[in-house]
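Peer 1: Before I ask anything, let me first share the structure, which is written out below as structure tokens.
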Amino acid sequence: MARRIVLIGGSLGATRVLQAVLGSLPADFPAPVAIVLHRGAETGPELCTQLARDAKMPVEQAFDKQPIEPGRVYVAPPGYHLLVDGGHFALSVDEPVQYARPSIDALFDSGAASRGADVIAVALTSASSEGAKGAAAVVARGGALAVQDPASAEARRLPEAVLAAAPSCAVLAPERIAPWLARLAAGEEGPPG
Amino acid sequence: MSPEPPPAHVPEGSDVPAGRDAIEAIEIELLLEGVFRRYGYDFRGYAAASMRRRVLAVAAAEKLTTVSALAGRLLHDPDAFERFLIGVTVHTTEMFRDPGFFHALRAKVLPHLRTYAFARIWIAGCSSGEELYSLAILCEEEGLAERCRIYATDLSEAVLARARGGIYPLSVMRAYTKNYQKAGGAREFSEYYHAHEGAARFAERLREHVVFAPHNLATDGSFNEFQLVLCRNVMIYFKRALQERALKLLDDSLLRLGVLALGRSESLRFTPLEPRYEALDERERIYRRAS
């Protein structure tokens, strides 16, 4: 099991930012990357295809009990929460969180509970504040947290809610997210605070 | 990681999180152990991540701040335990959730069931019954109602009572109607329920060929042989070992050429059943037992 794990959340509007971030991470990125984008239950596999466009790492839709491996990108399936359960993923069809399933809170909170200070979380653009509670849980458990600079975000609601819930987090312009992830995932720098 | 036990009173500081999570994990294990020994319901094989979220939600609903306090209440208060049971097991879903699945069931599976004089169907983990009524409607429309029996099971009477009731908020009927149409339904969906004071009660005739019974995939055995078993989004709540137990139980409960339907993100891949099952519809996770 890789020590560090990267968790990223946003709305479908974050797809473009994520394409660029994933395009800038190397094939031998030393941590796994798990992604929740708010999406409708009937959205199809095209999201993975879009995210994989410039990515050097393999991108796939996560399935239940899948082992979490470094150097791979996992995307939450539509209609399911994606939870980190130690070295595996677990899925759930529990109630949506603020209308969202998959929910960013569920991903971040489960990651924080099971991987604590090894979590590196990023909140991207979203018009819903869903995800802010999970972001706060990441910080409370010693993990690292960054938000997309609200000034650069299509929708500022989530970045601003995260900043309000966890004021110590890093605020990054889109092009600075990948270098920040690379540095933390390599273990060169501890979480802030 | 420190081998030392976390302090009982954790001060605010950088090493708090690991200690607090370690304590919470212990509390949940103790709670599940207590529930098993006090009431016989075994949740110890459930996936930790999803069980944690549900236990914390029940604790919050009970206005308790620690899992230990919830454990104490559950041990001493059977009414609180009933609420816990519903809180950790009921998965409110939608009727005709994943319309594509029900479409595939109608096109690829029900015609096969018609070749039998009588068909037995098992919905393992029927929860509040949305899927059950969806299936009962399909059976009626495909001319199977008189020639099939649906066994709807879940682990407690309290949960089964919800399914048996077949009462859902009227406000969700529009969404269900859309799902029904996407699933190939051609009738007026409102034919199937009676609206009364903001609630929709599904028609008695849909329950006529249904047997409701308590059954626990974690502890009970096979009780019949079926042509079709639906167990969708139930085993995702189990750990690997319990999943394998449940899969074996479902396998033991299927006739040759029997059909097994799982949830969209579940798969027989990497399970012991894989070599003996063929996909009738891989996308919709509908499998047929080949031998």
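Going by the structure tokens order, chains are called A, B, ..., each with residues numbered from 1, while ligands are numbered from 1 in the order shown.
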If you count only C-alpha atoms, which residues fall within 6 Å of Phe89 (chain A), apart from same-chain ones fewer than 3 positions away, as a VMD selection string?
Peer 2: chain A and resid 65 to 66 83 to 85
Peer 1: Residues at most 10 Å from Ile123 (chain B), counting only C-alpha atoms, excluding those fewer than 5 positions away in the same chain, as a ChimeraX atom specification?
Peer 2: /B:129,131-132,135,150-154,212,228-232,261
Peer 1: Restricted to N, CA, C and O atoms, what would the selected residues look like written as a PDB file, in the first residue's frame?
Peer 2:
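As written to disk, again-v1.pdb reads:
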```
ATOM      1  N   GLY B 129     -38.201  -1.987  -0.541  1.00  0.00           N
ATOM      2  CA  GLY B 129     -39.114  -2.593  -1.503  1.00  0.00           C
ATOM      3  C   GLY B 129     -39.222  -1.955  -2.881  1.00  0.00           C
ATOM      4  O   GLY B 129     -39.939  -2.465  -3.744  1.00  0.00           O
ATOM      5  N   GLU B 131     -37.286  -1.924  -5.442  1.00  0.00           N
ATOM      6  CA  GLU B 131     -36.924  -2.834  -6.527  1.00  0.00           C
ATOM      7  C   GLU B 131     -37.949  -3.957  -6.659  1.00  0.00           C
ATOM      8  O   GLU B 131     -38.274  -4.392  -7.761  1.00  0.00           O
ATOM      9  N   LEU B 132     -38.457  -4.402  -5.518  1.00  0.00           N
ATOM     10  CA  LEU B 132     -39.468  -5.459  -5.522  1.00  0.00           C
ATOM     11  C   LEU B 132     -40.690  -5.045  -6.348  1.00  0.00           C
ATOM     12  O   LEU B 132     -41.158  -5.797  -7.202  1.00  0.00           O
ATOM     13  N   LEU B 135     -39.987  -4.933 -10.012  1.00  0.00           N
ATOM     14  CA  LEU B 135     -39.963  -6.264 -10.616  1.00  0.00           C
ATOM     15  C   LEU B 135     -41.372  -6.854 -10.726  1.00  0.00           C
ATOM     16  O   LEU B 135     -41.718  -7.472 -11.741  1.00  0.00           O
ATOM     17  N   ILE B 150     -42.325 -14.365  -6.024  1.00  0.00           N
ATOM     18  CA  ILE B 150     -41.150 -13.570  -5.684  1.00  0.00           C
ATOM     19  C   ILE B 150     -40.920 -13.679  -4.181  1.00  0.00           C
ATOM     20  O   ILE B 150     -41.820 -13.385  -3.393  1.00  0.00           O
ATOM     21  N   TYR B 151     -39.741 -14.130  -3.808  1.00  0.00           N
ATOM     22  CA  TYR B 151     -39.357 -14.170  -2.402  1.00  0.00           C
ATOM     23  C   TYR B 151     -38.566 -12.904  -2.106  1.00  0.00           C
ATOM     24  O   TYR B 151     -37.498 -12.689  -2.691  1.00  0.00           O
ATOM     25  N   ALA B 152     -39.113 -12.066  -1.239  1.00  0.00           N
ATOM     26  CA  ALA B 152     -38.444 -10.816  -0.880  1.00  0.00           C
ATOM     27  C   ALA B 152     -37.928 -10.949   0.542  1.00  0.00           C
ATOM     28  O   ALA B 152     -38.709 -11.119   1.479  1.00  0.00           O
ATOM     29  N   THR B 153     -36.623 -10.909   0.699  1.00  0.00           N
ATOM     30  CA  THR B 153     -36.050 -11.109   2.035  1.00  0.00           C
ATOM     31  C   THR B 153     -35.184  -9.928   2.445  1.00  0.00           C
ATOM     32  O   THR B 153     -34.582  -9.257   1.621  1.00  0.00           O
ATOM     33  N   ASP B 154     -35.179  -9.693   3.722  1.00  0.00           N
ATOM     34  CA  ASP B 154     -34.211  -8.775   4.303  1.00  0.00           C
ATOM     35  C   ASP B 154     -33.967  -9.252   5.722  1.00  0.00           C
ATOM     36  O   ASP B 154     -34.594 -10.210   6.177  1.00  0.00           O
ATOM     37  N   PHE B 212     -42.801 -12.493   1.807  1.00  0.00           N
ATOM     38  CA  PHE B 212     -41.832 -11.702   2.575  1.00  0.00           C
ATOM     39  C   PHE B 212     -41.286 -12.572   3.702  1.00  0.00           C
ATOM     40  O   PHE B 212     -42.064 -13.197   4.432  1.00  0.00           O
ATOM     41  N   LEU B 228     -34.181 -16.944 -10.906  1.00  0.00           N
ATOM     42  CA  LEU B 228     -33.616 -15.590 -10.964  1.00  0.00           C
ATOM     43  C   LEU B 228     -33.373 -15.079  -9.544  1.00  0.00           C
ATOM     44  O   LEU B 228     -34.257 -15.174  -8.694  1.00  0.00           O
ATOM     45  N   VAL B 229     -32.181 -14.567  -9.320  1.00  0.00           N
ATOM     46  CA  VAL B 229     -31.859 -13.947  -8.028  1.00  0.00           C
ATOM     47  C   VAL B 229     -31.358 -12.530  -8.276  1.00  0.00           C
ATOM     48  O   VAL B 229     -30.442 -12.321  -9.072  1.00  0.00           O
ATOM     49  N   LEU B 230     -31.985 -11.567  -7.614  1.00  0.00           N
ATOM     50  CA  LEU B 230     -31.495 -10.184  -7.644  1.00  0.00           C
ATOM     51  C   LEU B 230     -30.851  -9.870  -6.312  1.00  0.00           C
ATOM     52  O   LEU B 230     -31.462 -10.044  -5.261  1.00  0.00           O
ATOM     53  N   CYS B 231     -29.615  -9.438  -6.362  1.00  0.00           N
ATOM     54  CA  CYS B 231     -28.927  -9.020  -5.138  1.00  0.00           C
ATOM     55  C   CYS B 231     -28.079  -7.816  -5.508  1.00  0.00           C
ATOM     56  O   CYS B 231     -26.876  -7.891  -5.699  1.00  0.00           O
ATOM     57  N   ARG B 232     -28.767  -6.680  -5.635  1.00  0.00           N
ATOM     58  CA  ARG B 232     -28.112  -5.495  -6.202  1.00  0.00           C
ATOM     59  C   ARG B 232     -27.728  -4.510  -5.107  1.00  0.00           C
ATOM     60  O   ARG B 232     -28.556  -4.126  -4.294  1.00  0.00           O
ATOM     61  N   ALA B 261     -28.446 -11.267 -10.864  1.00  0.00           N
ATOM     62  CA  ALA B 261     -28.312  -9.848 -11.213  1.00  0.00           C
ATOM     63  C   ALA B 261     -27.680  -9.093 -10.059  1.00  0.00           C
ATOM     64  O   ALA B 261     -28.155  -9.156  -8.930  1.00  0.00           O
TER      65      ALA B 261
END
```
Peer 1: If the cut-off is 7 Å, can you tell me the residues of chain A near chain B, counting only C-alpha atoms? I'd like them as a list in words.
Peer 2: Phe63, Asp64, Leu83, Val84, Asp85, Ala90, Leu91, Ser92, Asp94, Ser110, Ala113, Gly116, Ala140, Arg141 and Gly142 of chain A
Peer 1: Can those selected residues be exported to a file as a PDB file, in the first residue's frame so that it contains N, CA and C atoms?
Peer 2:
```
ATOM      1  N   PHE A  63     -14.152   0.221  -9.009  1.00  0.00           N
ATOM      2  CA  PHE A  63     -15.182  -0.765  -8.680  1.00  0.00           C
ATOM      3  C   PHE A  63     -15.028  -1.216  -7.237  1.00  0.00           C
ATOM      4  N   ASP A  64     -16.057  -1.870  -6.738  1.00  0.00           N
ATOM      5  CA  ASP A  64     -16.114  -2.232  -5.331  1.00  0.00           C
ATOM      6  C   ASP A  64     -14.970  -3.170  -4.942  1.00  0.00           C
ATOM      7  N   LEU A  83     -15.685   5.277  -1.304  1.00  0.00           N
ATOM      8  CA  LEU A  83     -15.079   5.381   0.025  1.00  0.00           C
ATOM      9  C   LEU A  83     -13.706   4.729   0.028  1.00  0.00           C
ATOM     10  N   VAL A  84     -12.797   5.319   0.785  1.00  0.00           N
ATOM     11  CA  VAL A  84     -11.495   4.705   1.010  1.00  0.00           C
ATOM     12  C   VAL A  84     -11.620   3.818   2.237  1.00  0.00           C
ATOM     13  N   ASP A  85     -11.257   2.552   2.077  1.00  0.00           N
ATOM     14  CA  ASP A  85     -11.380   1.597   3.181  1.00  0.00           C
ATOM     15  C   ASP A  85     -10.020   0.927   3.350  1.00  0.00           C
ATOM     16  N   ALA A  90     -14.348   1.056  -1.171  1.00  0.00           N
ATOM     17  CA  ALA A  90     -15.663   0.483  -0.917  1.00  0.00           C
ATOM     18  C   ALA A  90     -16.679   1.428  -1.541  1.00  0.00           C
ATOM     19  N   LEU A  91     -17.719   0.881  -2.129  1.00  0.00           N
ATOM     20  CA  LEU A  91     -18.776   1.703  -2.702  1.00  0.00           C
ATOM     21  C   LEU A  91     -19.989   1.660  -1.789  1.00  0.00           C
ATOM     22  N   SER A  92     -20.817   2.682  -1.874  1.00  0.00           N
ATOM     23  CA  SER A  92     -22.072   2.634  -1.134  1.00  0.00           C
ATOM     24  C   SER A  92     -23.144   3.368  -1.921  1.00  0.00           C
ATOM     25  N   ASP A  94     -25.641   4.733  -0.124  1.00  0.00           N
ATOM     26  CA  ASP A  94     -26.303   5.507   0.920  1.00  0.00           C
ATOM     27  C   ASP A  94     -26.852   6.799   0.327  1.00  0.00           C
ATOM     28  N   SER A 110     -14.001   9.527   4.452  1.00  0.00           N
ATOM     29  CA  SER A 110     -13.556   8.136   4.614  1.00  0.00           C
ATOM     30  C   SER A 110     -12.046   8.052   4.478  1.00  0.00           C
ATOM     31  N   ALA A 113     -10.551   9.262   7.731  1.00  0.00           N
ATOM     32  CA  ALA A 113     -10.716   8.316   8.834  1.00  0.00           C
ATOM     33  C   ALA A 113      -9.787   7.125   8.688  1.00  0.00           C
ATOM     34  N   GLY A 116      -5.770   9.056   7.531  1.00  0.00           N
ATOM     35  CA  GLY A 116      -5.275  10.143   8.374  1.00  0.00           C
ATOM     36  C   GLY A 116      -4.348  11.122   7.664  1.00  0.00           C
ATOM     37  N   ALA A 140      -8.443  18.077   9.958  1.00  0.00           N
ATOM     38  CA  ALA A 140      -8.526  17.703  11.370  1.00  0.00           C
ATOM     39  C   ALA A 140      -7.726  16.439  11.656  1.00  0.00           C
ATOM     40  N   ARG A 141      -7.590  15.581  10.631  1.00  0.00           N
ATOM     41  CA  ARG A 141      -6.840  14.347  10.822  1.00  0.00           C
ATOM     42  C   ARG A 141      -5.403  14.451  10.329  1.00  0.00           C
ATOM     43  N   GLY A 142      -4.947  15.665  10.122  1.00  0.00           N
ATOM     44  CA  GLY A 142      -3.528  15.858   9.815  1.00  0.00           C
ATOM     45  C   GLY A 142      -3.167  15.746   8.349  1.00  0.00           C
TER      46      GLY A 142
END
```
Peer 1: Among region 91-232 of chain B, which residues does DSSP mark as alpha helix (DSSP H) when it is run on the backbone? Keep the chain and numbering as in the structure and answer as a VMD selection string.
Peer 2: chain B and resid 99 to 104 110 to 113 130 to 141 157 to 165 173 to 182 204 to 207
Peer 1: Could you save those same residues with C-alpha atoms as a CSV table (one decimal), in the first residue's frame?
Peer 2:
```csv
chain,number,residue,atom,x,y,z
B,99,PRO,CA,-33.8,1.9,-16.1
B,100,GLY,CA,-31.3,0.1,-18.5
B,101,PHE,CA,-31.1,-2.7,-16.0
B,102,PHE,CA,-34.9,-3.2,-16.0
B,103,HIS,CA,-35.0,-2.9,-19.7
B,104,ALA,CA,-32.5,-5.7,-20.0
B,110,LEU,CA,-38.2,-12.6,-18.4
B,111,PRO,CA,-38.7,-14.4,-21.8
B,112,HIS,CA,-36.4,-17.1,-20.4
B,113,LEU,CA,-38.5,-17.4,-17.2
B,130,GLU,CA,-38.6,-0.2,-4.4
B,131,GLU,CA,-36.9,-2.8,-6.5
B,132,LEU,CA,-39.5,-5.5,-5.5
B,133,TYR,CA,-42.4,-3.4,-6.8
B,134,SER,CA,-40.5,-2.6,-10.0
B,135,LEU,CA,-40.0,-6.3,-10.6
B,136,ALA,CA,-43.6,-7.2,-9.7
B,137,ILE,CA,-44.7,-4.6,-12.3
B,138,LEU,CA,-42.5,-6.1,-14.9
B,139,CYS,CA,-43.7,-9.6,-14.2
B,140,GLU,CA,-47.3,-8.5,-14.5
B,141,GLU,CA,-46.7,-6.8,-17.8
B,157,GLU,CA,-39.0,-7.7,10.4
B,158,ALA,CA,-38.8,-4.0,10.9
B,159,VAL,CA,-37.2,-3.6,7.5
B,160,LEU,CA,-39.6,-6.1,5.8
B,161,ALA,CA,-42.6,-4.2,7.2
B,162,ARG,CA,-41.5,-1.2,5.1
B,163,ALA,CA,-41.3,-3.3,2.0
B,164,ARG,CA,-44.6,-5.0,2.7
B,165,GLY,CA,-46.2,-1.6,3.2
B,173,MET,CA,-43.7,9.4,-8.4
B,174,ARG,CA,-42.8,11.7,-11.2
B,175,ALA,CA,-39.2,10.6,-11.1
B,176,TYR,CA,-40.4,6.9,-10.8
B,177,THR,CA,-42.7,7.3,-13.8
B,178,LYS,CA,-39.8,8.6,-15.9
B,179,ASN,CA,-37.7,5.7,-14.8
B,180,TYR,CA,-40.5,3.3,-15.6
B,181,GLN,CA,-40.9,4.7,-19.1
B,182,LYS,CA,-37.2,4.6,-19.7
B,204,GLU,CA,-52.4,-5.1,-3.4
B,205,ARG,CA,-52.2,-7.3,-6.5
B,206,LEU,CA,-48.5,-6.6,-6.9
B,207,ARG,CA,-48.0,-8.2,-3.5
```
Peer 1: Determine which residues of region 44-192 of chain A receive a DSSP assignment of strand (DSSP E or B), computed from the backbone, and state them as a PyMOL selection string.
Peer 2: chain A and resi 59-61+67+73-75+81-85+88-92+97+100+119-123+144-148+170-172
Peer 1: May I have the residues within 12 Å of Gly13 (chain A) as a VMD selection string, using only C-alpha atoms and disregarding those fewer than 3 positions away in the same chain?
Peer 2: chain A and resid 9 to 10 16 to 19 37 to 39 47 124 to 128 153 to 156 158
Peer 1: Skipping near chain neighbours, those fewer than 2 positions away, what residues fall within 12 Å of Ala144 (chain A) using only C-alpha atoms, listed as a PDB file with C-alpha atoms, in the first residue's frame?
Peer 2:
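Contents of the output file part08.pdb:
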```pdb
ATOM      1  CA  ARG A   4       0.156   8.778   0.530  1.00  0.00           C
ATOM      2  CA  ILE A   5      -3.159   9.005  -1.290  1.00  0.00           C
ATOM      3  CA  VAL A   6      -4.481  11.880  -3.386  1.00  0.00           C
ATOM      4  CA  LEU A   7      -8.204  12.690  -3.241  1.00  0.00           C
ATOM      5  CA  ILE A   8      -9.731  15.232  -5.606  1.00  0.00           C
ATOM      6  CA  PHE A 108     -12.638  12.915   1.843  1.00  0.00           C
ATOM      7  CA  GLY A 111     -10.019   8.870   3.433  1.00  0.00           C
ATOM      8  CA  ALA A 112      -9.340  10.990   6.502  1.00  0.00           C
ATOM      9  CA  ARG A 115      -5.569   7.104   6.084  1.00  0.00           C
ATOM     10  CA  GLY A 116      -5.275  10.143   8.374  1.00  0.00           C
ATOM     11  CA  ALA A 117      -2.188  12.277   7.730  1.00  0.00           C
ATOM     12  CA  ASP A 118      -1.408  10.400   4.504  1.00  0.00           C
ATOM     13  CA  VAL A 119      -4.274  12.113   2.696  1.00  0.00           C
ATOM     14  CA  ILE A 120      -3.548  14.853   0.171  1.00  0.00           C
ATOM     15  CA  ALA A 121      -6.858  16.444  -0.821  1.00  0.00           C
ATOM     16  CA  VAL A 122      -7.753  19.014  -3.438  1.00  0.00           C
ATOM     17  CA  ALA A 123     -11.109  20.789  -3.841  1.00  0.00           C
ATOM     18  CA  ALA A 135     -12.154  18.845   3.539  1.00  0.00           C
ATOM     19  CA  ALA A 136     -12.286  19.984   7.152  1.00  0.00           C
ATOM     20  CA  ALA A 137     -12.091  16.336   8.254  1.00  0.00           C
ATOM     21  CA  VAL A 138      -8.941  15.868   6.167  1.00  0.00           C
ATOM     22  CA  VAL A 139      -7.263  18.778   7.932  1.00  0.00           C
ATOM     23  CA  ALA A 140      -8.526  17.703  11.370  1.00  0.00           C
ATOM     24  CA  ARG A 141      -6.840  14.347  10.822  1.00  0.00           C
ATOM     25  CA  GLY A 142      -3.528  15.858   9.815  1.00  0.00           C
ATOM     26  CA  ALA A 146      -5.512  22.624  -1.173  1.00  0.00           C
ATOM     27  CA  VAL A 147      -8.284  24.509  -2.948  1.00  0.00           C
ATOM     28  CA  ALA A 166     -10.273  25.063   6.739  1.00  0.00           C
ATOM     29  CA  SER A 168      -5.077  27.023   6.727  1.00  0.00           C
ATOM     30  CA  CYS A 169      -5.322  25.189   3.407  1.00  0.00           C
ATOM     31  CA  ALA A 170      -3.177  25.985   0.387  1.00  0.00           C
ATOM     32  CA  VAL A 171      -4.788  28.169  -2.294  1.00  0.00           C
ATOM     33  CA  TRP A 180       2.072  20.776  -5.348  1.00  0.00           C
ATOM     34  CA  LEU A 181       0.713  17.217  -5.593  1.00  0.00           C
ATOM     35  CA  ARG A 183       5.953  17.481  -4.095  1.00  0.00           C
ATOM     36  CA  LEU A 184       3.659  16.174  -1.362  1.00  0.00           C
ATOM     37  CA  ALA A 185       3.218  12.723  -2.884  1.00  0.00           C
ATOM     38  CA  GLY A 187       7.000  12.996   0.713  1.00  0.00           C
ATOM     39  CA  GLU A 189       7.122  18.178   2.465  1.00  0.00           C
ATOM     40  CA  GLY A 190       4.821  17.489   5.351  1.00  0.00           C
ATOM     41  CA  PRO A 191       1.302  18.802   5.463  1.00  0.00           C
ATOM     42  CA  PRO A 192       0.987  22.453   6.396  1.00  0.00           C
ATOM     43  CA  GLY A 193       0.327  23.324  10.020  1.00  0.00           C
TER      44      GLY A 193
END
```
Peer 1: For Asp42 (chain B), which residue among B:Leu85, B:Leu247, B:Val67, B:Leu260 is the nearest when counting only C-alpha atoms?
Peer 2: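 Between B:Leu85, B:Leu247, B:Val67, B:Leu260, the residue approaching Asp42 (chain B) most closely is B:Leu85.
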